[in-house]
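The next block is input03.txt, given as compact mmCIF, C-alpha atoms.
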```txt
# COMPACT_ATOMS: atom_id res chain seq x y z
CA MET A 15 47.68 80.18 160.96
CA ALA A 16 47.66 81.24 157.36
CA ASP A 17 49.47 79.09 154.82
CA LEU A 18 52.90 80.02 153.61
CA ILE A 19 53.38 78.78 150.06
CA ARG A 20 56.99 78.61 148.96
CA VAL A 21 58.03 79.23 145.38
CA GLY A 22 61.41 77.97 144.20
CA MET A 23 63.55 79.41 141.48
CA ALA A 24 62.06 79.06 138.00
CA ASP A 25 58.68 78.14 139.39
CA TYR A 26 55.34 79.69 140.25
CA LYS A 27 52.55 79.08 142.73
CA VAL A 28 49.01 80.36 142.90
CA GLY A 29 46.82 80.66 145.94
CA GLN A 30 43.98 82.39 147.73
CA ALA A 31 43.35 84.19 151.00
CA PRO A 32 44.52 83.71 153.70
CA SER A 33 47.72 82.27 152.22
CA THR A 34 50.93 84.15 151.61
CA ILE A 35 53.13 83.17 148.71
CA ILE A 36 56.85 83.66 149.26
CA SER A 37 60.09 83.28 147.32
CA TYR A 38 63.52 83.50 148.96
CA GLY A 39 66.77 84.98 147.80
CA LEU A 40 66.17 86.65 144.47
CA GLY A 41 69.20 88.26 142.87
CA SER A 42 68.89 88.94 139.18
CA CYS A 43 65.70 86.90 139.23
CA ILE A 44 62.33 88.64 139.36
CA GLY A 45 59.29 87.84 141.42
CA ILE A 46 56.18 88.77 139.43
CA SER A 47 52.94 88.76 141.37
CA LEU A 48 49.41 88.81 140.04
CA TYR A 49 46.53 89.64 142.34
CA ASP A 50 42.78 90.11 142.13
CA PRO A 51 41.82 92.25 145.15
CA GLN A 52 38.15 91.31 144.98
CA ALA A 53 38.45 87.55 144.58
CA LYS A 54 41.56 87.59 146.84
CA VAL A 55 43.43 85.17 144.64
CA GLY A 56 46.73 85.51 142.89
CA GLY A 57 50.12 84.05 142.23
CA LEU A 58 53.85 84.58 142.37
CA LEU A 59 56.26 83.68 139.57
CA HIS A 60 60.03 83.51 140.10
CA ILE A 61 61.71 83.93 136.71
CA MET A 62 65.42 83.58 136.00
CA LEU A 63 65.67 84.79 132.42
CA PRO A 64 63.85 87.21 130.16
CA ASP A 65 63.35 85.37 126.94
CA SER A 66 62.82 81.72 126.05
CA THR A 67 63.48 82.36 122.37
CA GLN A 68 67.11 83.18 123.14
CA ALA A 69 67.71 79.97 125.02
CA ARG A 70 67.72 76.27 124.39
CA PRO A 71 64.36 74.56 124.57
CA THR A 72 63.55 73.53 128.09
CA ASP A 73 61.08 71.46 130.02
CA ASN A 74 60.52 74.35 132.37
CA PRO A 75 58.63 77.31 130.92
CA ALA A 76 58.46 78.98 134.36
CA LYS A 77 62.14 79.83 133.99
CA PHE A 78 61.37 82.63 131.53
CA ALA A 79 59.30 85.76 131.73
CA ASP A 80 57.71 85.28 128.32
CA THR A 81 56.57 81.69 128.85
CA GLY A 82 56.05 81.68 132.61
CA LEU A 83 53.65 84.56 132.93
CA PRO A 84 50.95 83.26 130.54
CA LEU A 85 51.06 79.94 132.42
CA MET A 86 50.55 81.54 135.81
CA LEU A 87 47.86 83.83 134.39
CA LYS A 88 45.92 80.78 133.26
CA ASP A 89 46.10 79.22 136.71
CA VAL A 90 45.16 82.45 138.48
CA LEU A 91 42.13 82.85 136.25
CA ALA A 92 41.19 79.24 136.93
CA LEU A 93 41.15 80.07 140.65
CA GLY A 94 38.44 82.63 139.98
CA ALA A 95 40.35 85.85 139.29
CA SER A 96 38.91 88.29 136.84
CA ARG A 97 41.33 89.32 134.18
CA SER A 98 40.24 92.96 134.23
CA ARG A 99 40.79 93.26 137.98
CA LEU A 100 44.24 91.68 137.99
CA VAL A 101 47.14 93.86 139.02
CA ALA A 102 50.83 93.03 138.94
CA LYS A 103 53.82 93.92 141.07
CA ILE A 104 57.43 93.07 140.42
CA ALA A 105 60.62 93.04 142.46
CA GLY A 106 64.16 91.77 141.94
CA GLY A 107 66.41 92.20 138.95
CA ALA A 108 69.55 93.16 140.84
CA GLN A 109 73.09 93.01 139.58
CA MET A 110 74.84 91.19 142.38
CA PHE A 111 78.42 91.58 141.20
CA ALA A 112 79.71 94.74 139.60
CA PHE A 113 82.20 93.94 136.90
CA GLN A 114 83.98 96.49 134.78
CA ASN A 115 83.36 94.62 131.59
CA ALA A 116 79.80 93.67 132.38
CA THR A 117 78.65 91.27 129.71
CA ASP A 118 75.07 90.80 128.71
CA ILE A 119 74.62 88.02 131.20
CA MET A 120 75.80 90.23 134.03
CA ARG A 121 73.03 92.63 133.11
CA VAL A 122 70.45 89.87 133.18
CA GLY A 123 68.65 91.52 136.10
CA ALA A 124 67.87 94.66 134.12
CA ARG A 125 66.85 92.62 131.11
CA ASN A 126 64.57 90.52 133.30
CA ALA A 127 62.84 93.66 134.56
CA GLU A 128 62.37 95.01 131.05
CA ALA A 129 60.99 91.70 129.83
CA ALA A 130 58.61 91.38 132.77
CA LYS A 131 57.16 94.82 132.08
CA LYS A 132 56.82 94.20 128.36
CA ILE A 133 55.02 90.91 128.84
CA LEU A 134 52.64 92.38 131.39
CA LYS A 135 51.86 95.09 128.89
CA ASP A 136 51.35 92.60 126.09
CA LEU A 137 48.95 90.68 128.31
CA ASN A 138 47.18 93.89 129.27
CA ILE A 139 47.84 93.54 132.97
CA ARG A 140 48.40 96.71 134.99
CA LEU A 141 51.75 96.97 136.73
CA ILE A 142 51.06 98.99 139.87
CA ALA A 143 54.32 98.71 141.81
CA GLU A 144 57.91 97.73 141.34
CA ASP A 145 61.16 97.52 143.24
CA THR A 146 63.88 96.48 140.83
CA GLY A 147 67.58 97.00 140.26
CA GLY A 148 70.24 97.63 142.86
CA THR A 149 73.02 95.28 143.91
CA TYR A 150 71.33 93.35 146.67
CA GLY A 151 69.20 90.25 147.07
CA ARG A 152 65.53 90.24 147.96
CA THR A 153 63.06 87.87 149.54
CA VAL A 154 59.58 88.64 148.29
CA SER A 155 56.12 87.62 149.42
CA ILE A 156 52.56 88.51 148.56
CA ASN A 157 49.68 88.25 150.98
CA MET A 158 46.49 86.99 149.35
CA GLU A 159 44.40 88.70 152.01
CA ASP A 160 45.30 92.27 151.05
CA GLY A 161 47.69 92.05 148.10
CA VAL A 162 50.56 93.54 150.09
CA TYR A 163 53.84 92.66 148.44
CA LYS A 164 56.72 92.57 150.91
CA VAL A 165 60.34 92.96 149.90
CA LYS A 166 62.95 91.95 152.48
CA THR A 167 66.66 92.60 152.16
CA ILE A 168 69.69 91.87 154.31
CA ASP A 169 70.74 95.43 155.04
CA LYS A 170 68.42 97.66 153.07
CA GLY A 171 65.48 96.98 155.33
CA GLU A 172 62.06 95.71 154.50
CA LYS A 173 59.37 97.45 152.52
CA GLU A 174 55.89 96.96 151.20
CA ILE A 175 55.01 97.87 147.67
CA MET B 24 68.73 67.27 129.71
CA THR B 25 71.20 68.11 126.97
CA ASP B 26 73.38 65.40 125.52
CA GLU B 27 76.63 66.97 126.63
CA LEU B 28 75.62 66.42 130.22
CA ASN B 29 75.59 62.65 129.81
CA LEU B 30 78.72 61.77 131.68
CA SER B 31 79.96 58.27 132.34
CA ALA B 32 80.97 57.12 135.81
CA ASN B 33 84.61 57.24 134.72
CA GLN B 34 84.28 60.79 133.51
CA LEU B 35 82.67 61.85 136.76
CA ASP B 36 85.55 60.15 138.56
CA ALA B 37 88.05 62.02 136.46
CA LEU B 38 86.34 65.31 137.24
CA ARG B 39 86.28 64.42 140.92
CA GLU B 40 90.01 63.72 140.83
CA ILE B 41 90.69 67.06 139.14
CA GLY B 42 88.56 68.75 141.76
CA ASN B 43 90.41 66.86 144.47
CA VAL B 44 93.86 67.95 143.37
CA GLY B 45 92.66 71.46 142.62
CA ALA B 46 91.05 71.85 145.99
CA GLY B 47 94.04 70.23 147.66
CA ASN B 48 96.25 72.91 146.16
CA SER B 49 93.78 75.56 147.26
CA ALA B 50 93.57 74.21 150.79
CA THR B 51 97.36 74.19 151.06
CA ALA B 52 97.52 77.76 149.81
CA LEU B 53 94.85 78.91 152.24
CA SER B 54 96.45 77.13 155.16
CA GLN B 55 99.77 78.84 154.39
CA VAL B 56 98.12 82.25 154.32
CA ILE B 57 96.31 81.85 157.62
CA ASN B 58 98.83 79.52 159.22
CA ARG B 59 96.25 76.94 160.23
CA ARG B 60 95.54 73.46 159.01
CA ILE B 61 92.69 73.34 156.51
CA ASP B 62 90.78 70.13 156.00
CA MET B 63 88.72 69.42 152.95
CA ASN B 64 86.26 66.77 151.94
CA VAL B 65 86.35 64.66 148.81
CA PRO B 66 84.83 66.86 146.14
CA LYS B 67 81.29 66.25 145.13
CA VAL B 68 80.72 66.16 141.42
CA ALA B 69 77.09 66.19 140.51
CA LEU B 70 74.54 67.27 138.02
CA VAL B 71 72.14 69.35 140.01
CA PRO B 72 68.83 70.80 138.86
CA LEU B 73 69.33 74.57 138.82
CA GLU B 74 66.57 75.22 141.32
CA ALA B 75 68.20 72.84 143.81
CA VAL B 76 71.60 74.56 143.81
CA PRO B 77 70.71 77.07 146.57
CA ASP B 78 69.95 74.14 148.86
CA LEU B 79 73.61 73.05 148.57
CA VAL B 80 74.61 76.17 150.46
CA GLY B 81 72.10 76.24 153.28
CA GLY B 82 69.05 77.52 151.44
CA PRO B 83 68.38 80.59 149.31
CA ASP B 84 68.01 83.05 152.20
CA ALA B 85 71.12 82.05 154.17
CA VAL B 86 73.45 85.04 154.45
CA VAL B 87 76.78 84.27 152.83
CA VAL B 88 79.79 86.03 151.45
CA GLY B 89 80.37 85.06 147.84
CA ILE B 90 83.57 85.62 145.93
CA PHE B 91 82.99 85.20 142.26
CA LEU B 92 85.51 84.82 139.46
CA ARG B 93 84.82 84.30 135.85
CA VAL B 94 87.27 81.92 134.21
CA TYR B 95 88.38 82.59 130.66
CA GLY B 96 90.20 80.36 128.21
CA LYS B 97 89.30 77.29 126.20
CA ALA B 98 86.87 76.08 128.82
CA PRO B 99 85.09 79.14 130.23
CA SER B 100 83.76 78.48 133.70
CA ASN B 101 82.70 80.17 136.91
CA ILE B 102 84.31 79.96 140.29
CA LEU B 103 82.32 80.76 143.37
CA PHE B 104 83.75 80.60 146.87
CA LEU B 105 80.99 80.84 149.45
CA LEU B 106 81.46 81.40 153.16
CA PRO B 107 78.72 81.67 155.75
CA GLN B 108 78.76 85.24 157.08
CA LYS B 109 80.14 84.19 160.46
CA SER B 110 82.91 82.25 158.83
CA ALA B 111 83.86 85.16 156.57
CA PHE B 112 84.12 87.46 159.59
CA TYR B 113 86.29 84.89 161.36
CA LEU B 114 88.54 84.64 158.31
CA VAL B 115 88.89 88.44 158.19
CA ASP B 116 89.83 88.49 161.87
CA THR B 117 92.43 85.82 161.19
CA LEU B 118 93.84 87.63 158.18
CA MET B 119 93.97 90.97 159.90
CA GLY B 120 95.38 89.60 163.13
CA LYS B 121 92.41 90.80 165.18
CA PRO B 122 90.82 88.93 168.08
CA HIS B 123 88.05 86.68 166.88
CA GLY B 124 84.68 88.35 167.04
CA SER B 125 86.05 91.80 166.13
CA THR B 126 84.66 91.89 162.62
CA THR B 127 80.91 92.41 162.44
CA SER B 128 80.67 93.96 159.00
CA LEU B 129 82.96 94.19 156.01
CA ASP B 130 84.77 97.38 155.14
CA PHE B 131 86.71 98.01 151.98
CA MET B 132 89.93 96.49 153.32
CA ASP B 133 88.14 93.40 154.59
CA GLU B 134 86.49 92.86 151.23
CA SER B 135 89.79 93.32 149.50
CA ALA B 136 91.43 90.74 151.76
CA LEU B 137 88.66 88.23 151.12
CA MET B 138 88.86 88.81 147.38
CA GLU B 139 92.58 88.15 147.57
CA ILE B 140 91.80 84.85 149.26
CA GLY B 141 89.50 84.12 146.34
CA ASN B 142 92.36 84.89 144.00
CA ILE B 143 94.78 82.63 145.81
CA LEU B 144 92.35 79.72 146.00
CA SER B 145 91.39 80.06 142.35
CA GLY B 146 94.96 80.35 141.14
CA ALA B 147 95.96 77.23 143.06
CA TYR B 148 92.91 75.37 141.84
CA LEU B 149 93.34 76.29 138.20
CA ASN B 150 97.03 75.37 138.26
CA ALA B 151 96.06 71.84 139.18
CA PHE B 152 93.40 71.94 136.54
CA PHE B 153 96.05 72.82 133.98
CA THR B 154 98.31 69.98 135.09
CA PHE B 155 95.56 67.49 134.31
CA THR B 156 94.00 68.95 131.24
CA LYS B 157 96.64 71.21 129.68
CA ILE B 158 93.84 73.71 129.36
CA THR B 159 95.01 77.15 130.37
CA MET B 160 92.38 78.91 132.43
CA LEU B 161 92.66 82.54 133.39
CA PRO B 162 90.57 83.89 136.23
CA SER B 163 89.10 87.37 136.11
CA ILE B 164 89.62 89.75 138.98
CA PRO B 165 87.36 88.65 141.82
CA ALA B 166 84.08 90.28 142.76
CA LEU B 167 82.52 90.03 146.19
CA ALA B 168 79.04 90.27 147.58
CA MET B 169 77.55 89.61 151.00
CA ASP B 170 73.92 88.69 150.61
CA MET B 171 71.37 85.90 150.38
CA ALA B 172 72.86 82.73 148.92
CA GLY B 173 70.10 82.41 146.35
CA ALA B 174 70.74 85.92 145.08
CA ILE B 175 74.48 85.36 144.82
CA LEU B 176 74.03 82.07 142.99
CA ASN B 177 71.81 83.82 140.44
CA VAL B 178 74.86 85.15 138.67
CA VAL B 179 76.01 81.63 137.83
CA LEU B 180 72.61 80.03 137.43
CA ALA B 181 71.27 82.61 135.00
CA GLN B 182 74.09 81.80 132.60
CA LEU B 183 73.50 78.08 132.87
CA GLY B 184 69.77 78.58 132.61
CA GLN B 185 70.09 79.72 129.04
CA MET B 186 71.59 76.41 128.07
CA GLY B 187 69.75 73.89 130.16
CA ASP B 188 68.09 72.99 133.42
CA GLN B 189 71.04 71.46 135.24
CA ALA B 190 74.39 72.52 136.54
CA LEU B 191 77.50 70.39 136.71
CA VAL B 192 78.91 71.33 140.05
CA ILE B 193 82.36 70.42 141.35
CA GLU B 194 82.15 71.32 145.01
CA THR B 195 84.65 71.10 147.86
CA GLU B 196 84.16 72.06 151.46
CA PHE B 197 86.96 73.56 153.49
CA LEU B 198 87.17 73.54 157.23
CA SER B 199 89.91 75.08 159.37
CA GLU B 200 91.32 73.02 162.23
CA ASP B 201 89.73 75.29 164.85
CA ASP B 202 86.35 74.97 163.10
CA GLY B 203 86.13 78.75 162.75
CA ILE B 204 86.27 78.87 159.00
CA ASN B 205 84.26 76.77 156.64
CA GLY B 206 83.60 77.49 153.04
CA GLN B 207 82.47 75.91 149.82
CA PHE B 208 84.43 76.18 146.63
CA PHE B 209 82.49 75.67 143.42
CA LEU B 210 83.78 75.24 139.93
CA VAL B 211 80.90 75.40 137.51
CA PRO B 212 81.94 74.98 133.88
CA ASP B 213 79.81 76.60 131.20
CA PRO B 214 77.76 73.93 129.47
CA GLY B 215 79.83 74.33 126.31
CA SER B 216 83.06 73.82 128.25
CA LEU B 217 82.26 70.35 129.47
CA ASN B 218 83.13 68.61 126.24
CA THR B 219 86.43 70.46 126.08
CA ILE B 220 87.30 69.40 129.60
CA ILE B 221 86.23 65.80 129.12
CA ASP B 222 88.14 65.52 125.85
CA ALA B 223 91.24 66.90 127.51
CA VAL B 224 90.96 64.40 130.34
CA GLY B 225 90.78 61.62 127.78
CA VAL B 226 88.48 59.33 129.72
CA GLU B 227 85.49 57.67 128.14
```
Reformat the file's structure so that it appears as structure tokens.
Amino acid sequence: MADLIRVGMADYKVGQAPSTIISYGLGSCIGISLYDPQAKVGGLLHIMLPDSTQARPTDNPAKFADTGLPLMLKDVLALGASRSRLVAKIAGGAQMFAFQNATDIMRVGARNAEAAKKILKDLNIRLIAEDTGGTYGRTVSINMEDGVYKVKTIDKGEKEI
Amino acid sequence: MTDELNLSANQLDALREIGNVGAGNSATALSQVINRRIDMNVPKVALVPLEAVPDLVGGPDAVVVGIFLRVYGKAPSNILFLLPQKSAFYLVDTLMGKPHGSTTSLDFMDESALMEIGNILSGAYLNAFFTFTKITMLPSIPALAMDMAGAILNVVLAQLGQMGDQALVIETEFLSEDDGINGQFFLVPDPGSLNTIIDAVGVE
């Protein structure tokens, strides 16, 4: 049976075929996957916040889009991925509770999605699919065999992007 | 770890006692509404790494109903009341006077009733909080979501994540006498609120 590699919040894992990398219960968080279809290696990063420069210094760079992605990229390349073949997919970034006076922090899901896209662009990695926004949680997984990125929800079904 | 999260054993005790009285008030209020005895445990007060918080509630993909209130005032905080889905349905049946097992999804009225429960619990809790600390805390109107626990917790954790890697969690579990309803009540102060609360308690 193929390995199932679990990624916690504010963490990332890299792997190769035939493993699947999975992260459970994303709300405003985003799961950013990187995948090299030829080498069949990749990774999944579960970020909580968009920007480390707007937060207190932390021991955990994987918490932020801007510091987490370069770290995972390094590890994915070390596994034998080619930077030019890498493609990215993202999912998450929901707003779980709708408040009338939504403060910035309530909108963190949307800001996470924006940040993820910007950083991918800055790193010159192609974003080929996304499933962001909404008001519901997601469990996401990426299969290192074929790069299929699965998004599961409680009552919005399951889809592959 | 930020310095404001260095709490002494006495301070943790004081927070536990506040949580105890607060939750006691809440349990009494809830038991009056549903006309059943509600038991509660001694509150847990702990500094928890953010990524471990979802494990407190049965794992990030457990389906729960979360009622969230933002608390305003001198010590801004978050209140989250989490019920396993089954338990939330049971509570709705109880509130609506339906036979148990009737509710299998939440309509507008059901959600409204559950949010009102969130209101009642929070009001009772914060009253006790005021008695101890003389800090007035005003809850926002409640918001409700039924989804994966991890996703619901995001709303609290993302705020804390900007300030540090740990959450101070004051947690109480409720259980109704017929075991049909169990829930977890969390008070999670903003990191900046902790000093205010500790100062007000006056324990070193």
### Message
Need to verify the contact set: Ala181 of chain B, 12 Å, all atoms listed in the file, exclusion of same-chain residues closer than 4 positions in sequence. Can you return it as a ChimeraX atom specification?
### Response
/A:23-24,40-44,61-65,69,77-78,107,109-110,118-123,125-126 /B:73-74,76,101,173-177,185-190,213
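Taking atom CA of Ser145 of chain B and atom CA of Ile164 of chain B as the two end points, the separation is 10.4 Å.
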### Task
Pick out the chain B residues within 12 Å of chain A. Count only C-alpha atoms. Give them as JSON, numbers by chain.
{"B": [24, 25, 72, 73, 74, 75, 76, 77, 78, 81, 82, 83, 84, 85, 86, 87, 88, 89, 90, 91, 92, 93, 103, 108, 128, 163, 164, 165, 166, 167, 168, 169, 170, 171, 172, 173, 174, 175, 176, 177, 178, 179, 180, 181, 182, 183, 184, 185, 186, 187, 188, 189, 214]}
### Query
With all atoms listed in the file as the basis for distance, which of B:Asn43, B:Phe208, B:Leu118, B:Thr127 is at the shortest distance from Glu139 of chain B?
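Comparing B:Asn43, B:Phe208, B:Leu118, B:Thr127 against Glu139 of chain B, the winner is B:Leu118.
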### Task
Find the spatial neighbours of Val154 of chain A, counting all atoms listed in the file, within a cut-off of 10 Å - ignore same-chain residues fewer than 4 positions away - and output them as a ChimeraX atom specification.
/A:21,35-40,44-47,58,60,104-106,163-167,172-174
### Query
Taking into account all atoms listed in the file, which residue in the set B:Ala32, B:Ala46, B:Leu137, B:Leu79 is nearest to Glu227 of chain B?
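Going through B:Ala32, B:Ala46, B:Leu137, B:Leu79 one by one, the smallest distance to Glu227 of chain B is for B:Ala32.
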### Query
Which is closest to Leu114 of chain B among B:Met63, B:Leu70, B:Ile193, B:Leu198, if we use only C-alpha atoms?
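Answer, going by the shortest atom-to-atom distance: B:Leu198.
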Give me the residues near Phe197 of chain B as a JSON list (two decimals) with C-alpha atoms, in the coordinates of the input, where near means some atom within 10 Å (using only C-alpha atoms) and where sequence neighbours in that chain fewer than 6 positions away do not count.
```json
[["chain", "number", "residue", "atom", "x", "y", "z"],
["B", 46, "ALA", "CA", 91.05, 71.85, 145.99],
["B", 47, "GLY", "CA", 94.04, 70.23, 147.66],
["B", 49, "SER", "CA", 93.78, 75.56, 147.26],
["B", 50, "ALA", "CA", 93.57, 74.21, 150.79],
["B", 53, "LEU", "CA", 94.85, 78.91, 152.24],
["B", 61, "ILE", "CA", 92.69, 73.34, 156.51],
["B", 62, "ASP", "CA", 90.78, 70.13, 156.00],
["B", 63, "MET", "CA", 88.72, 69.42, 152.95],
["B", 64, "ASN", "CA", 86.26, 66.77, 151.94],
["B", 106, "LEU", "CA", 81.46, 81.40, 153.16],
["B", 204, "ILE", "CA", 86.27, 78.87, 159.00],
["B", 205, "ASN", "CA", 84.26, 76.77, 156.64],
["B", 206, "GLY", "CA", 83.60, 77.49, 153.04],
["B", 207, "GLN", "CA", 82.47, 75.91, 149.82],
["B", 208, "PHE", "CA", 84.43, 76.18, 146.63]]
```
Which residues are near segment 96-100 of chain A? Cut-off 10 Å, all atoms listed in the file, ignore same chain within fewer than 3 positions. Put them as a compact mmCIF listing (two decimals) with C-alpha atoms, in the frame of the given file.
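This is the output file part23.txt:
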```
# COMPACT_ATOMS: atom_id res chain seq x y z
CA SER A 47 52.94 88.76 141.37
CA LEU A 48 49.41 88.81 140.04
CA TYR A 49 46.53 89.64 142.34
CA ASP A 50 42.78 90.11 142.13
CA PRO A 51 41.82 92.25 145.15
CA GLN A 52 38.15 91.31 144.98
CA ALA A 53 38.45 87.55 144.58
CA VAL A 55 43.43 85.17 144.64
CA GLY A 56 46.73 85.51 142.89
CA LEU A 87 47.86 83.83 134.39
CA LYS A 88 45.92 80.78 133.26
CA VAL A 90 45.16 82.45 138.48
CA LEU A 91 42.13 82.85 136.25
CA ALA A 92 41.19 79.24 136.93
CA LEU A 93 41.15 80.07 140.65
CA LEU A 137 48.95 90.68 128.31
CA ASN A 138 47.18 93.89 129.27
CA ILE A 139 47.84 93.54 132.97
CA ARG A 140 48.40 96.71 134.99
CA LEU A 141 51.75 96.97 136.73
```
### Task
Between atom CA of Gly96 of chain B and atom CA of Ser216 of chain B, measure the distance and give it in Å to one decimal.
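Atom-to-atom, atom CA of Gly96 of chain B and atom CA of Ser216 of chain B are spaced 9.7 Å apart.
Across the structure, atom CA of Gln30 of chain A and atom CA of Met158 of chain A are spaced 5.5 Å apart.
In this comparison, which uses only C-alpha atoms, the residue of B:Val115, B:Ala151, B:Met160, B:Val226 approaching Val44 of chain B most closely is B:Ala151.
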Can you tell me, as an mmCIF file with C-alpha atoms, in the coordinates of the input, what residues are no more than 8 Å from Tyr113 of chain B when counting only C-alpha atoms, ignoring any on the same chain fewer than 2 positions away?
```cif
data_model
loop_
_atom_site.group_PDB
_atom_site.id
_atom_site.type_symbol
_atom_site.label_atom_id
_atom_site.label_comp_id
_atom_site.auth_asym_id
_atom_site.auth_seq_id
_atom_site.Cartn_x
_atom_site.Cartn_y
_atom_site.Cartn_z
ATOM 1 C CA LYS B 109 80.140 84.190 160.460
ATOM 2 C CA SER B 110 82.910 82.250 158.830
ATOM 3 C CA ALA B 111 83.860 85.160 156.570
ATOM 4 C CA VAL B 115 88.890 88.440 158.190
ATOM 5 C CA ASP B 116 89.830 88.490 161.870
ATOM 6 C CA THR B 117 92.430 85.820 161.190
ATOM 7 C CA HIS B 123 88.050 86.680 166.880
ATOM 8 C CA GLY B 124 84.680 88.350 167.040
ATOM 9 C CA THR B 126 84.660 91.890 162.620
ATOM 10 C CA GLY B 203 86.130 78.750 162.750
ATOM 11 C CA ILE B 204 86.270 78.870 159.000
#
```
